[in-house]
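Pasted below: data-v2.csv, CSV, C-alpha atoms (C1' of nucleotides).
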chain,number,residue,atom,x,y,z
V,1,MET,CA,-4.5,37.0,-203.5
V,2,ASP,CA,-1.6,38.1,-201.3
V,3,ARG,CA,-0.5,41.0,-203.4
V,4,PRO,CA,-3.6,42.3,-205.2
V,5,ARG,CA,-2.2,45.8,-205.3
V,6,THR,CA,1.0,45.0,-207.1
V,7,HIS,CA,-0.9,42.7,-209.4
V,8,THR,CA,-3.4,45.3,-210.3
V,9,HIS,CA,-0.6,47.8,-210.7
V,10,ASN,CA,1.2,45.6,-213.2
V,11,ILE,CA,-1.9,45.1,-215.2
V,12,GLU,CA,-2.2,48.8,-215.4
V,13,ARG,CA,1.4,49.1,-216.3
V,14,LEU,CA,1.1,46.7,-219.1
V,15,LYS,CA,-2.1,48.2,-220.5
V,16,ALA,CA,-0.6,51.6,-220.3
V,17,ALA,CA,2.3,50.2,-222.4
V,18,GLY,CA,-0.1,48.8,-224.9
V,19,LEU,CA,0.7,45.3,-224.1
V,20,ARG,CA,-1.9,42.6,-223.3
V,21,PRO,CA,-1.5,41.5,-219.7
V,22,THR,CA,-0.9,37.9,-220.3
V,23,ARG,CA,0.0,35.4,-217.6
V,24,GLN,CA,3.6,35.4,-218.7
V,25,ARG,CA,4.0,39.1,-219.0
V,26,LEU,CA,2.4,39.6,-215.7
V,27,ALA,CA,4.6,37.1,-214.0
V,28,LEU,CA,7.7,38.7,-215.5
V,29,ALA,CA,6.5,42.2,-214.6
V,30,GLN,CA,6.0,40.9,-211.1
V,31,LEU,CA,9.6,39.6,-210.8
V,32,LEU,CA,11.0,42.7,-212.4
V,33,PHE,CA,9.0,45.5,-210.6
V,34,ALA,CA,7.9,44.1,-207.3
V,35,ASN,CA,11.1,44.7,-205.4
V,36,GLY,CA,12.7,48.0,-206.5
V,37,ASP,CA,15.3,48.5,-209.1
V,38,ARG,CA,16.8,45.4,-210.7
V,39,HIS,CA,19.3,44.5,-213.3
V,40,VAL,CA,18.7,41.2,-215.0
V,41,THR,CA,19.8,39.2,-218.0
V,42,ALA,CA,17.3,37.1,-220.0
V,43,GLU,CA,18.7,33.9,-218.6
V,44,GLN,CA,18.5,35.2,-215.0
V,45,LEU,CA,14.9,36.3,-215.4
V,46,HIS,CA,14.0,33.0,-217.1
V,47,GLY,CA,15.5,31.1,-214.2
V,48,GLU,CA,13.6,33.1,-211.7
V,49,ALA,CA,10.3,32.6,-213.5
V,50,LEU,CA,10.8,28.9,-213.5
V,51,GLU,CA,11.7,28.9,-209.8
V,52,ALA,CA,8.5,30.9,-209.2
V,53,LYS,CA,6.7,28.0,-210.9
V,54,VAL,CA,5.8,30.2,-213.9
V,55,PRO,CA,6.6,28.2,-216.9
V,56,VAL,CA,7.8,30.7,-219.6
V,57,SER,CA,10.0,29.9,-222.5
V,58,LEU,CA,13.3,31.7,-222.9
V,59,ALA,CA,12.1,33.0,-226.2
V,60,THR,CA,9.2,34.7,-224.5
V,61,VAL,CA,11.4,36.1,-221.9
V,62,TYR,CA,13.5,37.7,-224.7
V,63,ASN,CA,10.5,38.9,-226.5
V,64,THR,CA,9.0,40.4,-223.3
V,65,LEU,CA,12.2,42.1,-222.3
V,66,HIS,CA,12.4,43.8,-225.7
V,67,GLN,CA,8.7,44.7,-225.7
V,68,PHE,CA,9.2,46.2,-222.2
V,69,THR,CA,12.2,48.1,-223.4
V,70,GLU,CA,10.4,49.5,-226.4
V,71,SER,CA,7.6,50.6,-224.2
V,72,GLY,CA,9.9,52.4,-221.8
V,73,LEU,CA,9.3,50.0,-218.9
V,74,LEU,CA,12.9,48.9,-219.1
V,75,ARG,CA,16.2,50.2,-220.3
V,76,GLU,CA,18.9,48.1,-221.8
V,77,VAL,CA,22.4,48.5,-220.4
V,78,VAL,CA,25.4,47.4,-222.5
V,79,VAL,CA,28.4,46.6,-220.4
V,80,GLU,CA,29.4,43.2,-221.7
V,81,ALA,CA,29.9,42.1,-225.2
V,82,SER,CA,28.3,38.8,-224.6
V,83,ARG,CA,25.2,39.4,-222.4
V,84,SER,CA,22.5,42.0,-222.4
V,85,TYR,CA,21.3,43.5,-219.1
V,86,PHE,CA,18.0,45.1,-218.6
V,87,ASP,CA,17.5,47.7,-216.0
V,88,THR,CA,14.1,48.5,-214.3
V,89,ASN,CA,15.4,52.0,-213.6
V,90,THR,CA,14.6,53.9,-216.7
V,91,GLY,CA,15.5,57.4,-215.4
V,92,THR,CA,18.9,59.1,-216.0
V,93,HIS,CA,21.5,57.4,-213.9
V,94,HIS,CA,24.9,55.7,-214.2
V,95,HIS,CA,26.4,52.3,-213.3
V,96,PHE,CA,29.1,50.5,-211.5
V,97,PHE,CA,29.9,47.3,-213.1
V,98,ALA,CA,31.9,44.5,-211.6
V,99,ALA,CA,32.9,42.2,-214.4
V,100,ASP,CA,34.1,39.6,-211.9
V,101,SER,CA,30.6,38.9,-210.8
V,102,GLY,CA,28.6,40.3,-213.6
V,103,THR,CA,27.0,42.7,-211.1
V,104,LEU,CA,25.5,46.1,-212.1
V,105,MET,CA,24.8,48.7,-209.5
V,106,ASP,CA,23.0,52.0,-210.1
V,107,ILE,CA,24.6,55.3,-209.5
V,108,PRO,CA,22.0,58.1,-209.1
V,109,ALA,CA,22.5,60.8,-211.6
V,110,GLY,CA,23.1,63.3,-208.8
V,111,GLU,CA,26.2,61.4,-207.6
V,112,ILE,CA,28.1,62.2,-210.8
V,113,THR,CA,28.7,65.7,-212.0
V,114,LEU,CA,29.3,66.0,-215.7
V,115,GLY,CA,30.6,69.3,-216.9
V,116,ASP,CA,29.8,70.7,-220.3
V,117,LEU,CA,29.6,68.0,-222.9
V,118,PRO,CA,31.4,68.2,-226.2
V,119,LEU,CA,29.4,69.0,-229.2
V,120,PRO,CA,28.1,65.9,-230.9
V,121,PRO,CA,29.4,65.1,-234.4
V,122,GLU,CA,27.9,67.0,-237.3
V,123,GLY,CA,24.4,66.0,-238.1
V,124,THR,CA,23.7,64.1,-234.9
V,125,ARG,CA,22.2,65.0,-231.6
V,126,ILE,CA,22.8,63.5,-228.2
V,127,ASP,CA,20.5,60.7,-227.3
V,128,SER,CA,21.9,59.6,-223.9
V,129,VAL,CA,24.9,60.0,-221.7
V,130,GLU,CA,26.0,57.2,-219.5
V,131,VAL,CA,28.9,56.8,-217.2
V,132,ILE,CA,30.2,53.3,-216.6
V,133,ILE,CA,32.6,52.8,-213.7
V,134,ARG,CA,34.2,49.4,-213.9
V,135,VAL,CA,35.3,48.0,-210.6
V,136,ARG,CA,37.2,45.0,-209.6
V,137,ARG,CA,37.6,43.1,-206.4
V,138,ALA,CA,40.1,45.1,-204.3
V,139,PRO,CA,43.2,43.0,-203.8
V,140,GLN,CA,43.8,44.6,-200.4
V,141,THR,CA,43.3,48.1,-199.0
V,142,ALA,CA,47.1,48.4,-198.6
V,143,GLY,CA,50.2,46.3,-199.4
Q,144,MET,CA,60.1,48.8,-248.9
Q,145,ASP,CA,57.9,51.8,-249.0
Q,146,ARG,CA,57.3,52.1,-245.3
Q,147,PRO,CA,60.3,50.6,-243.5
Q,148,ARG,CA,59.9,52.8,-240.6
Q,149,THR,CA,56.4,51.8,-239.7
Q,150,HIS,CA,57.2,48.2,-240.4
Q,151,THR,CA,60.2,48.3,-238.1
Q,152,HIS,CA,58.2,50.1,-235.5
Q,153,ASN,CA,55.5,47.5,-235.5
Q,154,ILE,CA,58.1,44.7,-235.1
Q,155,GLU,CA,59.3,46.5,-232.1
Q,156,ARG,CA,55.8,47.0,-230.9
Q,157,LEU,CA,55.0,43.3,-231.1
Q,158,LYS,CA,58.3,42.3,-229.5
Q,159,ALA,CA,57.8,44.7,-226.7
Q,160,ALA,CA,54.4,43.1,-226.2
Q,161,GLY,CA,56.0,39.6,-226.1
Q,162,LEU,CA,54.4,38.6,-229.3
Q,163,ARG,CA,56.2,37.1,-232.3
Q,164,PRO,CA,56.1,39.4,-235.2
Q,165,THR,CA,54.5,37.0,-237.6
Q,166,ARG,CA,53.3,38.0,-241.1
Q,167,GLN,CA,49.7,38.1,-239.9
Q,168,ARG,CA,50.2,40.0,-236.7
Q,169,LEU,CA,52.4,42.5,-238.5
Q,170,ALA,CA,49.9,43.0,-241.3
Q,171,LEU,CA,47.1,43.6,-238.7
Q,172,ALA,CA,49.3,45.9,-236.7
Q,173,GLN,CA,50.0,47.8,-239.9
Q,174,LEU,CA,46.3,48.2,-240.6
Q,175,LEU,CA,45.6,49.1,-237.0
Q,176,PHE,CA,48.4,51.5,-236.1
Q,177,ALA,CA,49.5,53.0,-239.4
Q,178,ASN,CA,46.9,55.8,-239.6
Q,179,GLY,CA,46.2,57.1,-236.2
Q,180,ASP,CA,43.4,56.1,-233.9
Q,181,ARG,CA,40.9,53.6,-235.1
Q,182,HIS,CA,37.9,51.6,-233.9
Q,183,VAL,CA,37.4,48.3,-235.6
Q,184,THR,CA,35.4,45.2,-235.3
Q,185,ALA,CA,36.9,41.8,-236.0
Q,186,GLU,CA,34.9,41.4,-239.2
Q,187,GLN,CA,36.0,44.9,-240.4
Q,188,LEU,CA,39.7,44.2,-239.8
Q,189,HIS,CA,39.4,40.9,-241.4
Q,190,GLY,CA,37.9,42.5,-244.5
Q,191,GLU,CA,40.6,45.1,-244.6
Q,192,ALA,CA,43.3,42.5,-244.4
Q,193,LEU,CA,41.8,40.5,-247.3
Q,194,GLU,CA,41.5,43.7,-249.4
Q,195,ALA,CA,45.1,44.4,-248.6
Q,196,LYS,CA,45.9,41.0,-250.0
Q,197,VAL,CA,47.0,39.6,-246.7
Q,198,PRO,CA,45.1,36.4,-246.3
Q,199,VAL,CA,44.3,36.0,-242.6
Q,200,SER,CA,41.6,33.8,-241.2
Q,201,LEU,CA,38.9,35.4,-239.1
Q,202,ALA,CA,39.9,33.1,-236.2
Q,203,THR,CA,43.4,34.6,-236.3
Q,204,VAL,CA,42.0,38.1,-236.4
Q,205,TYR,CA,40.0,37.4,-233.2
Q,206,ASN,CA,43.0,35.8,-231.6
Q,207,THR,CA,45.2,38.7,-232.6
Q,208,LEU,CA,42.8,41.3,-231.4
Q,209,HIS,CA,42.6,39.6,-228.0
Q,210,GLN,CA,46.4,39.2,-227.7
Q,211,PHE,CA,46.8,42.9,-228.6
Q,212,THR,CA,44.3,43.8,-226.0
Q,213,GLU,CA,45.9,41.7,-223.3
Q,214,SER,CA,49.2,43.3,-224.2
Q,215,GLY,CA,47.8,46.7,-223.9
Q,216,LEU,CA,48.2,47.5,-227.6
Q,217,LEU,CA,44.4,47.8,-227.9
Q,218,ARG,CA,41.5,48.5,-225.7
Q,219,GLU,CA,38.1,46.9,-226.1
Q,220,VAL,CA,35.1,49.2,-226.1
Q,221,VAL,CA,31.7,47.7,-225.3
Q,222,VAL,CA,28.8,49.7,-226.8
Q,223,GLU,CA,26.8,47.1,-228.6
Q,224,ALA,CA,25.6,43.8,-227.2
Q,225,SER,CA,26.3,42.0,-230.5
Q,226,ARG,CA,29.7,43.3,-231.7
Q,227,SER,CA,33.0,44.0,-230.0
Q,228,TYR,CA,34.9,47.1,-230.9
Q,229,PHE,CA,38.7,47.5,-230.5
Q,230,ASP,CA,40.2,50.9,-230.0
Q,231,THR,CA,43.8,51.7,-230.9
Q,232,ASN,CA,43.7,54.6,-228.4
Q,233,THR,CA,44.5,52.9,-225.1
Q,234,GLY,CA,44.7,56.1,-223.1
Q,235,THR,CA,41.9,57.5,-221.0
Q,236,HIS,CA,39.2,59.0,-223.1
Q,237,HIS,CA,35.5,58.7,-223.9
Q,238,HIS,CA,33.3,58.0,-226.9
Q,239,PHE,CA,30.5,59.1,-229.0
Q,240,PHE,CA,28.6,56.2,-230.4
Q,241,ALA,CA,26.2,56.4,-233.4
Q,242,ALA,CA,24.2,53.2,-233.2
Q,243,ASP,CA,22.7,54.1,-236.6
Q,244,SER,CA,26.0,53.6,-238.4
Q,245,GLY,CA,27.9,51.7,-235.8
Q,246,THR,CA,30.4,54.5,-235.6
Q,247,LEU,CA,32.6,55.2,-232.6
Q,248,MET,CA,34.4,58.5,-232.2
Q,249,ASP,CA,36.9,59.4,-229.5
Q,250,ILE,CA,36.4,62.1,-227.1
Q,251,PRO,CA,39.6,63.2,-225.5
Q,252,ALA,CA,39.6,62.9,-221.7
Q,253,GLY,CA,40.0,66.7,-221.4
Q,254,GLU,CA,36.7,67.4,-223.2
Q,255,ILE,CA,34.6,65.9,-220.4
Q,256,THR,CA,34.9,67.0,-216.9
Q,257,LEU,CA,33.9,64.5,-214.3
Q,258,GLY,CA,33.4,65.7,-210.7
Q,259,ASP,CA,34.1,63.6,-207.7
Q,260,LEU,CA,33.2,60.0,-208.3
Q,261,PRO,CA,31.1,58.1,-205.9
Q,262,LEU,CA,32.8,55.5,-203.7
Q,263,PRO,CA,33.0,52.1,-205.3
Q,264,PRO,CA,31.0,49.3,-203.6
Q,265,GLU,CA,32.6,47.7,-200.6
Q,266,GLY,CA,35.5,45.5,-201.4
Q,267,THR,CA,36.1,46.9,-204.9
Q,268,ARG,CA,38.2,49.5,-206.5
Q,269,ILE,CA,37.7,51.5,-209.6
Q,270,ASP,CA,39.2,50.0,-212.7
Q,271,SER,CA,38.1,52.5,-215.3
Q,272,VAL,CA,35.6,55.2,-215.9
Q,273,GLU,CA,34.1,55.7,-219.3
Q,274,VAL,CA,31.5,58.0,-220.6
Q,275,ILE,CA,29.5,56.9,-223.6
Q,276,ILE,CA,27.5,59.6,-225.4
Q,277,ARG,CA,25.0,57.9,-227.7
Q,278,VAL,CA,24.0,60.1,-230.6
Q,279,ARG,CA,21.5,59.7,-233.4
Q,280,ARG,CA,21.0,61.3,-236.8
Q,281,ALA,CA,19.5,64.7,-236.1
Q,282,PRO,CA,16.0,64.8,-237.6
Q,283,GLN,CA,16.4,68.5,-238.3
Q,284,THR,CA,18.0,71.4,-236.5
Q,285,ALA,CA,14.6,72.9,-235.9
Q,286,GLY,CA,11.0,71.9,-236.6
N,287,DG,C1',64.8,21.4,-234.8
N,288,DT,C1',61.5,23.1,-231.3
N,289,DG,C1',58.0,25.7,-229.8
N,290,DT,C1',54.7,29.1,-231.5
N,291,DT,C1',51.3,30.4,-234.6
N,292,DT,C1',47.9,29.7,-238.2
N,293,DG,C1',43.7,28.2,-240.3
N,294,DC,C1',40.2,25.4,-241.0
N,295,DA,C1',36.0,23.6,-239.7
N,296,DA,C1',33.4,22.3,-236.0
N,297,DA,C1',31.5,23.7,-231.6
N,298,DG,C1',29.6,27.2,-228.5
N,299,DT,C1',27.0,31.2,-226.8
N,300,DG,C1',23.5,34.3,-226.4
N,301,DT,C1',19.7,35.7,-229.2
N,302,DT,C1',16.1,35.7,-232.9
N,303,DT,C1',12.6,33.7,-235.9
N,304,DG,C1',8.8,30.7,-238.1
N,305,DC,C1',4.8,28.8,-237.3
N,306,DA,C1',1.1,25.9,-235.1
N,307,DA,C1',-1.3,25.8,-230.9
N,308,DT,C1',-3.0,28.6,-227.2
N,309,DT,C1',-4.8,32.5,-225.0
N,310,DT,C1',-6.9,37.2,-224.5
N,311,DA,C1',-10.5,40.4,-225.3
Y,312,DT,C1',-14.1,34.5,-233.0
Y,313,DA,C1',-10.4,37.4,-234.4
Y,314,DA,C1',-6.2,39.1,-233.2
Y,315,DA,C1',-2.3,38.7,-230.2
Y,316,DT,C1',0.8,35.8,-227.8
Y,317,DT,C1',3.3,31.7,-226.6
Y,318,DG,C1',6.7,28.0,-227.2
Y,319,DC,C1',9.3,24.9,-229.5
Y,320,DA,C1',12.9,24.0,-232.3
Y,321,DA,C1',15.5,25.4,-235.9
Y,322,DA,C1',18.2,29.3,-237.5
Y,323,DC,C1',21.4,33.1,-236.5
Y,324,DA,C1',25.5,36.1,-235.8
Y,325,DC,C1',29.5,36.4,-233.5
Y,326,DT,C1',33.1,34.3,-231.2
Y,327,DT,C1',36.0,30.4,-229.5
Y,328,DT,C1',38.4,26.1,-229.8
Y,329,DG,C1',41.0,21.6,-231.3
Y,330,DC,C1',44.4,20.1,-233.9
Y,331,DA,C1',47.4,19.3,-237.9
Y,332,DA,C1',50.2,22.0,-241.0
Y,333,DA,C1',53.1,26.0,-241.5
Y,334,DC,C1',56.2,29.2,-239.6
Y,335,DA,C1',59.7,31.9,-236.6
Y,336,DC,C1',63.7,31.8,-234.2
Before anything else, please render the file you have as structure tokens.
Amino acid sequence: MDRPRTHTHNIERLKAAGLRPTRQRLALAQLLFANGDRHVTAEQLHGEALEAKVPVSLATVYNTLHQFTESGLLREVVVEASRSYFDTNTGTHHHFFAADSGTLMDIPAGEITLGDLPLPPEGTRIDSVEVIIRVRRAPQTAG
Amino acid sequence: MDRPRTHTHNIERLKAAGLRPTRQRLALAQLLFANGDRHVTAEQLHGEALEAKVPVSLATVYNTLHQFTESGLLREVVVEASRSYFDTNTGTHHHFFAADSGTLMDIPAGEITLGDLPLPPEGTRIDSVEVIIRVRRAPQTAG
DNA sequence: GTGTTTGCAAAGTGTTTGCAATTTA
DNA sequence: TAAATTGCAAACACTTTGCAAACAC
């Protein structure tokens, strides 16, 4: 009972998304939404759930991440061919990605100015625009 | 002998990259670089090679794509969590991506204006900046 | 000849799926 | 109780790897 507000909030959140607030989904929502914006992989979240003494199967974590994404609670970010990242920030924004460490960092939309966009190919319309700035450990500031 | 120039060119290209111009690598280079900019997946390229009566194993296609990428002959584009795309255009540019059809299209760097970029996180430096514009089949121009 | 490259088939990774048991409403 | 959800384990797609045979120089 030490965080009734967040708990209640998450129940609302799930209900609003049309998802039954099950023990597993609530626990995952807790991990995802309790502390601000996060970027997680399925494995990561699964690990955290187990640490938090919430036994959830990896399959359920995957299912839940996808359900959350479909409901607009999460956004999927594709930066690595191998892993999928899920971002709790669903608004328009961009990312720094450090392949070294597998770390994603948000860049608020306002920090990048995009001029006019080119017209999309015939018969299509723009769905989203994302800027990915790949960074690497700086060897040294100077030689 | 119907395209000695391209053939020779590709031999040079491979040698310059420090790769032995083997039958397989030459054939793949032919498919990749003969007709302007391309975006291919390993499976696609493998299929094309077989069609062109050049028996290459999928493993070799993967190896070759990676060797080409390491040598700077190709660039890898990450837009889908499942597949890897390889782009023969290694210069700075951006992409339209139609998830529907799995189609990637180049956007010349000049067609997108990026204002000042935010400072990269402490201890890192910017490696690349890419804009991905996701598009979808337009339902209709108007309702 | 000698070292590189190929190709097969097996192994690996992250992810998805089928289905019985469990849980929610 | 009916319908949704879970979890296991098996199945999956894509990719990588080990090693003997084939090839390039």
Residues of chain Q within 8 Å of chain N: nearest atom pair and distance (Å, one decimal) for each, counting all atoms listed in the file, sorted by chain and number, as a tab-separated table?
residue	atom	partner	partner_atom	distance
Q:Thr165	CA	N:DT291	C1'	7.9
Q:Ser200	CA	N:DG293	C1'	6.0
Q:Ala202	CA	N:DG293	C1'	7.4
Q:Thr203	CA	N:DT292	C1'	6.9
Residues just named, written with C-alpha atoms as a short mmCIF file (atom, residue, chain, number, x, y, z; two decimals), in the coordinates of the input:
data_model
loop_
_atom_site.label_atom_id
_atom_site.label_comp_id
_atom_site.auth_asym_id
_atom_site.auth_seq_id
_atom_site.Cartn_x
_atom_site.Cartn_y
_atom_site.Cartn_z
CA THR Q 165 54.50 37.00 -237.60
CA SER Q 200 41.60 33.80 -241.20
CA ALA Q 202 39.90 33.10 -236.20
CA THR Q 203 43.40 34.60 -236.30
#
Subject >> Exercise answer, chain Y residues close to chain Q, 8 Å and all atoms listed in the file, as a ChimeraX atom specification >> reply: /Y:324-326,335
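In this structure, CA of Phe229 (chain Q) sits 15.6 Å away from CA of Ala241 (chain Q).
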Subject >> Using only C-alpha atoms: which of V:Glu122, V:Thr113, V:Gly72, V:Thr92 has the shortest distance to chain Q >> reply: V:Thr113
If you take only C-alpha atoms and a cut-off of 8 Å, which residues of chain V touch chain Q, and what are their nearest atom pairs and distances in Å to one decimal, in chain and number order, as CSV?
residue,atom,partner,partner_atom,distance
V:Val78,CA,Q:Ala224,CA,5.9
V:Val79,CA,Q:Val221,CA,6.0
V:Glu80,CA,Q:Val221,CA,6.2
V:Ala81,CA,Q:Ala224,CA,5.0
V:Ser82,CA,Q:Ala224,CA,6.2
V:Arg83,CA,Q:Ala224,CA,6.5
V:Ser84,CA,Q:Ala224,CA,6.0
V:Phe96,CA,Q:Pro263,CA,7.5
V:Ile107,CA,Q:Pro261,CA,7.9
V:Glu111,CA,Q:Pro261,CA,6.1
V:Ile112,CA,Q:Leu260,CA,6.1
V:Thr113,CA,Q:Gly258,CA,4.9
V:Leu114,CA,Q:Leu257,CA,5.0
V:Gly115,CA,Q:Thr256,CA,4.9
V:Asp116,CA,Q:Ile255,CA,6.8
V:Leu117,CA,Q:Ile255,CA,6.0
V:Pro118,CA,Q:Glu254,CA,6.1
V:Pro120,CA,Q:Val278,CA,7.1
V:Gly123,CA,Q:Ala281,CA,5.4
V:Thr124,CA,Q:Arg280,CA,4.3
V:Arg125,CA,Q:Ala281,CA,5.3
V:Ile126,CA,Q:Val278,CA,4.3
V:Asp127,CA,Q:Val278,CA,4.8
V:Ser128,CA,Q:Arg277,CA,5.2
V:Val129,CA,Q:Ile276,CA,4.5
V:Glu130,CA,Q:Ile275,CA,5.4
V:Val131,CA,Q:Val274,CA,4.4
V:Ile132,CA,Q:Glu273,CA,5.3
V:Ile133,CA,Q:Val272,CA,4.4
V:Arg134,CA,Q:Ser271,CA,5.2
V:Val135,CA,Q:Ile269,CA,4.4
V:Arg136,CA,Q:Thr267,CA,5.2
V:Arg137,CA,Q:Thr267,CA,4.4
V:Ala138,CA,Q:Thr267,CA,4.4
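CA of Leu28 (chain V) to CA of Ala242 (chain Q) spans 28.2 Å [interatomic distance, one decimal].
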**OP:** Work out how far apart CA of Glu48 (chain V) and C1' of DA321 (chain Y) are and give it in Å to one decimal.
**Re:**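 That distance, rounded to one decimal, is 25.5 Å.
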**OP:** Give me the residues within 8 Å of Thr233 (chain Q) as a ChimeraX atom specification, counting all atoms listed in the file and dropping any in the same chain fewer than 4 places off.
**Re:** /Q:215-218
Keeping N, CA and C atoms (P, O5', C5', C4', C3', O3' and C1' of nucleotides), write region 318-335 of chain Y of the structure just shown out as a compact mmCIF listing (two decimals), in the first residue's frame.
# COMPACT_ATOMS: atom_id res chain seq x y z
P DG Y 318 2.74 -15.53 -16.32
O5' DG Y 318 3.01 -16.97 -16.92
C5' DG Y 318 2.61 -18.10 -16.18
C4' DG Y 318 3.06 -19.35 -16.89
C3' DG Y 318 4.52 -19.32 -17.34
O3' DG Y 318 5.07 -20.60 -17.10
C1' DG Y 318 3.12 -19.68 -19.21
P DC Y 319 6.58 -20.76 -16.72
O5' DC Y 319 6.99 -22.07 -17.54
C5' DC Y 319 6.19 -23.24 -17.43
C4' DC Y 319 5.94 -23.82 -18.81
C3' DC Y 319 7.21 -24.08 -19.61
O3' DC Y 319 7.53 -25.46 -19.52
C1' DC Y 319 5.38 -23.29 -20.95
P DA Y 320 9.00 -25.96 -19.97
O5' DA Y 320 8.63 -26.95 -21.15
C5' DA Y 320 7.26 -27.12 -21.55
C4' DA Y 320 7.19 -27.10 -23.07
C3' DA Y 320 8.51 -27.39 -23.76
O3' DA Y 320 8.26 -28.16 -24.93
C1' DA Y 320 7.69 -25.34 -24.50
P DA Y 321 9.48 -28.71 -25.79
O5' DA Y 321 8.79 -29.13 -27.17
C5' DA Y 321 7.38 -28.95 -27.36
C4' DA Y 321 7.14 -28.02 -28.54
C3' DA Y 321 8.12 -28.20 -29.70
O3' DA Y 321 7.38 -28.36 -30.90
C1' DA Y 321 7.92 -25.92 -29.14
P DA Y 322 8.08 -28.46 -32.31
O5' DA Y 322 7.86 -27.00 -32.94
C5' DA Y 322 6.54 -26.49 -33.01
C4' DA Y 322 6.57 -25.12 -33.63
C3' DA Y 322 7.34 -25.04 -34.95
O3' DA Y 322 6.57 -24.28 -35.85
C1' DA Y 322 8.16 -23.42 -33.43
P DC Y 323 6.99 -24.20 -37.41
O5' DC Y 323 7.44 -22.69 -37.58
C5' DC Y 323 7.66 -21.93 -36.42
C4' DC Y 323 8.00 -20.51 -36.79
C3' DC Y 323 8.91 -20.39 -37.99
O3' DC Y 323 8.37 -19.46 -38.92
C1' DC Y 323 9.94 -19.43 -36.03
P DA Y 324 9.03 -19.36 -40.36
O5' DA Y 324 9.97 -18.08 -40.17
C5' DA Y 324 9.36 -16.81 -39.94
C4' DA Y 324 10.45 -15.79 -39.77
C3' DA Y 324 11.40 -15.74 -40.97
O3' DA Y 324 11.62 -14.38 -41.31
C1' DA Y 324 12.61 -16.25 -39.00
P DC Y 325 12.52 -14.07 -42.60
O5' DC Y 325 13.90 -13.67 -41.94
C5' DC Y 325 13.92 -12.66 -40.93
C4' DC Y 325 15.24 -12.72 -40.21
C3' DC Y 325 16.44 -12.60 -41.14
O3' DC Y 325 17.21 -11.49 -40.69
C1' DC Y 325 16.72 -14.37 -39.59
P DT Y 326 18.45 -10.95 -41.50
O5' DT Y 326 19.65 -11.66 -40.72
C5' DT Y 326 19.73 -11.45 -39.33
C4' DT Y 326 20.78 -12.36 -38.72
C3' DT Y 326 22.13 -12.32 -39.45
O3' DT Y 326 23.08 -11.77 -38.56
C1' DT Y 326 21.49 -14.54 -38.88
P DT Y 327 24.61 -11.66 -38.94
O5' DT Y 327 25.19 -13.00 -38.27
C5' DT Y 327 24.99 -13.20 -36.88
C4' DT Y 327 25.69 -14.48 -36.44
C3' DT Y 327 27.17 -14.55 -36.85
O3' DT Y 327 27.88 -14.86 -35.67
C1' DT Y 327 26.01 -16.52 -37.50
P DT Y 328 29.47 -15.08 -35.70
O5' DT Y 328 29.63 -16.67 -35.80
C5' DT Y 328 28.87 -17.50 -34.94
C4' DT Y 328 29.31 -18.94 -35.13
C3' DT Y 328 30.79 -19.12 -35.47
O3' DT Y 328 31.27 -20.21 -34.70
C1' DT Y 328 29.44 -20.14 -37.13
P DG Y 329 32.85 -20.55 -34.62
O5' DG Y 329 32.91 -22.09 -35.03
C5' DG Y 329 31.84 -23.00 -34.76
C4' DG Y 329 32.18 -24.36 -35.34
C3' DG Y 329 33.67 -24.62 -35.55
O3' DG Y 329 33.91 -26.01 -35.41
C1' DG Y 329 32.57 -24.46 -37.67
P DC Y 330 35.41 -26.59 -35.53
O5' DC Y 330 35.39 -27.15 -37.02
C5' DC Y 330 34.37 -28.06 -37.44
C4' DC Y 330 34.54 -28.36 -38.92
C3' DC Y 330 35.99 -28.52 -39.36
O3' DC Y 330 36.06 -29.59 -40.29
C1' DC Y 330 34.97 -26.89 -40.68
P DA Y 331 37.51 -30.35 -40.53
O5' DA Y 331 37.28 -31.04 -41.93
C5' DA Y 331 36.03 -31.69 -42.22
C4' DA Y 331 35.64 -31.43 -43.67
C3' DA Y 331 36.74 -31.79 -44.67
O3' DA Y 331 36.15 -32.42 -45.80
C1' DA Y 331 36.16 -29.50 -44.89
P DA Y 332 37.09 -32.90 -47.03
O5' DA Y 332 36.64 -31.90 -48.19
C5' DA Y 332 35.26 -31.87 -48.58
C4' DA Y 332 35.06 -30.76 -49.59
C3' DA Y 332 35.94 -30.88 -50.84
O3' DA Y 332 35.17 -30.52 -51.97
C1' DA Y 332 36.33 -28.79 -49.78
P DA Y 333 35.86 -30.37 -53.41
O5' DA Y 333 36.01 -28.78 -53.54
C5' DA Y 333 34.82 -27.98 -53.53
C4' DA Y 333 35.20 -26.56 -53.91
C3' DA Y 333 35.98 -26.42 -55.22
O3' DA Y 333 35.39 -25.36 -55.95
C1' DA Y 333 37.17 -25.41 -53.43
P DC Y 334 36.08 -24.88 -57.34
O5' DC Y 334 36.92 -23.62 -56.84
C5' DC Y 334 36.23 -22.58 -56.16
C4' DC Y 334 37.23 -21.50 -55.80
C3' DC Y 334 38.07 -21.02 -56.98
O3' DC Y 334 37.81 -19.64 -57.11
C1' DC Y 334 39.42 -21.48 -55.05
P DA Y 335 38.54 -18.82 -58.29
O5' DA Y 335 39.64 -18.06 -57.45
C5' DA Y 335 39.22 -17.10 -56.49
C4' DA Y 335 40.44 -16.35 -55.95
C3' DA Y 335 41.29 -15.69 -57.04
O3' DA Y 335 41.68 -14.41 -56.54
C1' DA Y 335 42.59 -17.32 -55.86
